[in-house]
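Q: Once you've had a glance at the structure underneath, I'll fire off some questions.
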Number of protein chains: 2
Amino acid sequence: MTTPSQPGAVQNACQPLLDAVAFDANGLVAVVAQQHDSGEVLMVAWMNRDAVIETVATGRVCYWSRSRGRLWRKGESSGQVQRLVELRVDCDGDTLLALVDQQGVACHTGRRNCFFRAWRDGGLVTVAPVLVAPDALYGQDRF
Amino acid sequence: MTTPSQPGAVQNACQPLLDAVAFDANGLVAVVAQQHDSGEVLMVAWMNRDAVIETVATGRVCYWSRSRGRLWRKGESSGQVQRLVELRVDCDGDTLLALVDQQGVACHTGRRNCFFRAWRDGGLVTVAPVLVAPDALYGQDRF
């Protein structure tokens, strides 16, 4: 994806998208990340305006980390990058669907996706294996 | 799914699930509804504790409508019911993934899913057709 050379130009190019998003009182929008080909729901995270702009401008998914209070370029510590395939907006603009190509695992536990606990027969069952040891993913940083 | 005869018994049966959910300051948790067989992400909505309990007890998906401030049994007005296939919890408990069997369309616009606007070549493009006219779905009630 071509990135306009000026930050203002990038924002201007994204304006129709930004206008369609109903950011909440904290300036955030929920984002569902889905593996584009398999349909697997990988994770849900949040973006602010800058994260939306950076994501579409660079083609690499960038979230807003609520716990750390800063932009979170997915994979910046773990190497488990998400390449953006397509970004979609829901009917009332308060959720985005990011179709991505996930490199490696999406979850900080080392599983492919974050939804690995299923409610079955009155108990929570782990339904996805750890593919990468978390110690191998992170140093001091969890994401 | 068998429903215990006493409301307290229903809640007790769900307690391990409720304990795993990190409800937010408003007592809500985000829920991604995904068609269980095709993998299509249908919509994102919210549940409170009562909605979680009712959903797993009845096998029919029930949300909390933030706009109306009450339980929202999906399809109660439109007839477009979601049958629960499996409920999953993410790694930090602040999002649920509901694998469902969606009857008809999930979106109030009459589309199969709510994420029908895609960001392509600098503009938002509608990528899913209206399958049912909204007027045919609703009377006075929008959901």
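Going by the structure tokens order, chains are called A, B, ..., each with residues numbered from 1, while ligands are numbered from 1 in the order shown.
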Could you tell me which residues of chain A sit within 6 Å of chain B when counting only C-alpha atoms, and give me the result as a PyMOL selection string?
A: chain A and resi 39+87-91+114-115+117-119
Q: Can you check which residues of range 88-143 of chain B DSSP gives as strand (DSSP E or B) on the backbone and send them as a list in words?
A: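 Reading the DSSP output for range 88-143 of chain B, strand (DSSP E or B) covers Arg88, Val89, Thr95, Leu96, Leu97, Ala98, Leu99, Val100, Asp101, Gln102, Arg117, Ala118, Trp119, Arg120, Gly123, Leu124, Val125 and Thr126 of chain B.
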Q: Those same residues - all heavy atoms - I'd like them written as a tab-separated table (two decimals), in the first residue's frame.
A:
chain	number	residue	atom	x	y	z
B	88	ARG	N	-17.49	-19.37	23.91
B	88	ARG	CA	-16.06	-19.40	24.29
B	88	ARG	C	-15.65	-18.09	24.95
B	88	ARG	O	-16.25	-17.05	24.71
B	88	ARG	CB	-15.20	-19.68	23.05
B	88	ARG	CG	-15.48	-21.05	22.47
B	88	ARG	CD	-14.52	-21.41	21.36
B	88	ARG	NE	-14.87	-22.72	20.79
B	88	ARG	CZ	-14.36	-23.23	19.67
B	88	ARG	NH1	-13.45	-22.53	19.00
B	88	ARG	NH2	-14.74	-24.41	19.23
B	89	VAL	N	-14.63	-18.17	25.77
B	89	VAL	CA	-14.13	-17.02	26.54
B	89	VAL	C	-12.69	-16.75	26.11
B	89	VAL	O	-11.91	-17.70	25.94
B	89	VAL	CB	-14.16	-17.34	28.06
B	89	VAL	CG1	-13.74	-16.12	28.87
B	89	VAL	CG2	-15.52	-17.86	28.48
B	95	THR	N	-13.90	-10.69	26.43
B	95	THR	CA	-14.67	-10.87	25.21
B	95	THR	C	-15.13	-12.33	25.11
B	95	THR	O	-14.37	-13.24	25.46
B	95	THR	CB	-13.84	-10.55	23.95
B	95	THR	OG1	-13.16	-9.31	24.13
B	95	THR	CG2	-14.73	-10.44	22.72
B	96	LEU	N	-16.35	-12.52	24.64
B	96	LEU	CA	-16.87	-13.86	24.39
B	96	LEU	C	-17.00	-14.07	22.88
B	96	LEU	O	-17.22	-13.11	22.13
B	96	LEU	CB	-18.24	-14.03	25.04
B	96	LEU	CG	-18.31	-13.79	26.55
B	96	LEU	CD1	-19.75	-13.99	27.05
B	96	LEU	CD2	-17.37	-14.70	27.30
B	97	LEU	N	-16.87	-15.31	22.49
B	97	LEU	CA	-17.14	-15.71	21.11
B	97	LEU	C	-18.31	-16.68	21.15
B	97	LEU	O	-18.20	-17.75	21.76
B	97	LEU	CB	-15.91	-16.37	20.48
B	97	LEU	CG	-16.08	-16.93	19.06
B	97	LEU	CD1	-16.35	-15.81	18.06
B	97	LEU	CD2	-14.84	-17.72	18.64
B	98	ALA	N	-19.42	-16.27	20.54
B	98	ALA	CA	-20.59	-17.14	20.49
B	98	ALA	C	-20.64	-17.78	19.10
B	98	ALA	O	-20.85	-17.09	18.10
B	98	ALA	CB	-21.86	-16.34	20.76
B	99	LEU	N	-20.44	-19.08	19.06
B	99	LEU	CA	-20.64	-19.82	17.81
B	99	LEU	C	-22.13	-20.11	17.74
B	99	LEU	O	-22.69	-20.73	18.66
B	99	LEU	CB	-19.82	-21.11	17.82
B	99	LEU	CG	-18.31	-20.91	17.99
B	99	LEU	CD1	-17.59	-22.24	18.12
B	99	LEU	CD2	-17.75	-20.11	16.82
B	100	VAL	N	-22.75	-19.63	16.68
B	100	VAL	CA	-24.21	-19.67	16.62
B	100	VAL	C	-24.68	-20.26	15.30
B	100	VAL	O	-23.92	-20.36	14.32
B	100	VAL	CB	-24.82	-18.25	16.78
B	100	VAL	CG1	-24.33	-17.60	18.07
B	100	VAL	CG2	-24.53	-17.37	15.57
B	101	ASP	N	-25.95	-20.60	15.29
B	101	ASP	CA	-26.62	-20.90	14.02
B	101	ASP	C	-27.64	-19.79	13.82
B	101	ASP	O	-28.65	-19.72	14.54
B	101	ASP	CB	-27.29	-22.28	14.08
B	101	ASP	CG	-27.75	-22.72	12.70
B	101	ASP	OD1	-27.26	-22.18	11.70
B	101	ASP	OD2	-28.61	-23.62	12.62
B	102	GLN	N	-27.34	-18.90	12.91
B	102	GLN	CA	-28.17	-17.71	12.66
B	102	GLN	C	-29.31	-18.06	11.73
B	102	GLN	O	-29.08	-18.50	10.60
B	102	GLN	CB	-27.33	-16.59	12.06
B	102	GLN	CG	-28.12	-15.39	11.56
B	102	GLN	CD	-28.68	-14.54	12.69
B	102	GLN	OE1	-27.95	-14.10	13.55
B	102	GLN	NE2	-29.99	-14.33	12.68
B	117	ARG	N	-19.55	-2.98	5.03
B	117	ARG	CA	-18.84	-1.87	4.42
B	117	ARG	C	-17.34	-2.13	4.49
B	117	ARG	O	-16.78	-2.27	5.59
B	117	ARG	CB	-19.18	-0.56	5.12
B	117	ARG	CG	-20.63	-0.15	4.92
B	117	ARG	CD	-20.92	1.19	5.56
B	117	ARG	NE	-20.96	1.09	7.02
B	117	ARG	CZ	-21.04	2.12	7.84
B	117	ARG	NH1	-21.07	3.35	7.34
B	117	ARG	NH2	-21.09	1.94	9.16
B	118	ALA	N	-16.70	-2.22	3.33
B	118	ALA	CA	-15.27	-2.51	3.27
B	118	ALA	C	-14.51	-1.28	2.77
B	118	ALA	O	-14.98	-0.57	1.88
B	118	ALA	CB	-15.03	-3.69	2.33
B	119	TRP	N	-13.35	-1.07	3.37
B	119	TRP	CA	-12.48	0.04	2.96
B	119	TRP	C	-11.59	-0.43	1.81
B	119	TRP	O	-10.70	-1.26	2.01
B	119	TRP	CB	-11.64	0.49	4.15
B	119	TRP	CG	-10.72	1.63	3.86
B	119	TRP	CD1	-9.35	1.60	3.80
B	119	TRP	CD2	-11.09	2.99	3.61
B	119	TRP	NE1	-8.85	2.85	3.53
B	119	TRP	CE2	-9.89	3.72	3.41
B	119	TRP	CE3	-12.31	3.67	3.52
B	119	TRP	CZ2	-9.89	5.09	3.13
B	119	TRP	CZ3	-12.28	5.03	3.25
B	119	TRP	CH2	-11.10	5.72	3.06
B	120	ARG	N	-11.88	0.08	0.61
B	120	ARG	CA	-11.14	-0.34	-0.59
B	120	ARG	C	-10.81	0.88	-1.44
B	120	ARG	O	-11.71	1.66	-1.80
B	120	ARG	CB	-11.97	-1.31	-1.43
B	120	ARG	CG	-12.26	-2.64	-0.74
B	120	ARG	CD	-13.09	-3.56	-1.62
B	120	ARG	NE	-13.39	-4.82	-0.92
B	120	ARG	CZ	-14.22	-5.76	-1.38
B	120	ARG	NH1	-14.81	-5.59	-2.54
B	120	ARG	NH2	-14.43	-6.86	-0.68
B	123	GLY	N	-12.10	4.32	-0.32
B	123	GLY	CA	-13.53	4.57	-0.11
B	123	GLY	C	-14.20	3.37	0.53
B	123	GLY	O	-13.66	2.26	0.51
B	124	LEU	N	-15.37	3.61	1.11
B	124	LEU	CA	-16.15	2.52	1.69
B	124	LEU	C	-17.07	1.95	0.63
B	124	LEU	O	-17.81	2.67	-0.03
B	124	LEU	CB	-16.97	3.02	2.88
B	124	LEU	CG	-16.19	3.21	4.19
B	124	LEU	CD1	-17.04	3.92	5.22
B	124	LEU	CD2	-15.69	1.87	4.73
B	125	VAL	N	-17.00	0.63	0.49
B	125	VAL	CA	-17.76	-0.08	-0.53
B	125	VAL	C	-18.70	-1.06	0.16
B	125	VAL	O	-18.29	-1.75	1.09
B	125	VAL	CB	-16.81	-0.86	-1.46
B	125	VAL	CG1	-17.59	-1.59	-2.54
B	125	VAL	CG2	-15.78	0.08	-2.08
B	126	THR	N	-19.93	-1.12	-0.28
B	126	THR	CA	-20.88	-2.09	0.27
B	126	THR	C	-20.62	-3.44	-0.39
B	126	THR	O	-20.66	-3.55	-1.62
B	126	THR	CB	-22.32	-1.63	0.02
B	126	THR	OG1	-22.53	-0.40	0.72
B	126	THR	CG2	-23.32	-2.68	0.53
Q: Env of Gln80 in chain A: 8 Å cut, atoms = only C-alpha atoms, seq-sep filter 3 positions within chain, self excluded. Answer as a list in words.
A: Lys74, Gly75, Glu76, Gln102, Gln103, Gly104, Val105 and Ala106 of chain A
Q: One decimal, in Å: what's the spacing between CA of Arg73 in chain B and CA of Val61 in chain B?
A: 6.4 Å
Q: Which polymer residues have any atom within 12 Å of an atom of Ser65 in chain A, counting only C-alpha atoms, with same-chain residues fewer than 4 positions away left out, as a count of residues only?
A: 17
Q: Given the choices B:Asp50, B:Gln35, B:Ala136, B:Gln11, which gets closest to Phe23 in chain B if the distance is worked out from only C-alpha atoms?
A: B:Asp50
Q: Between CA of Ile53 in chain A and CA of Gly8 in chain A, what is the distance, to one decimal in Å?
A: 10.5 Å
Q: DSSP on the backbone, then: every residue of chain A marked helix (DSSP H, G or I), written as a list of chain:residue names.
A: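 Going through chain A, the helix (DSSP H, G or I) residues come out as A:Pro7, A:Gly8, A:Ala9, A:Val10, A:Gln11, A:Asn12, A:Ala13, A:Cys14, A:Gln15, A:Pro16, A:Leu17, A:Leu18, A:Asp19, A:Ala20, A:Arg49, A:Asp50, A:Ala51, A:Val52, A:Ile53, A:Glu54, A:Thr55, A:Val56, A:Ala57, A:Thr58, A:Pro134, A:Asp135, A:Ala136, A:Leu137.
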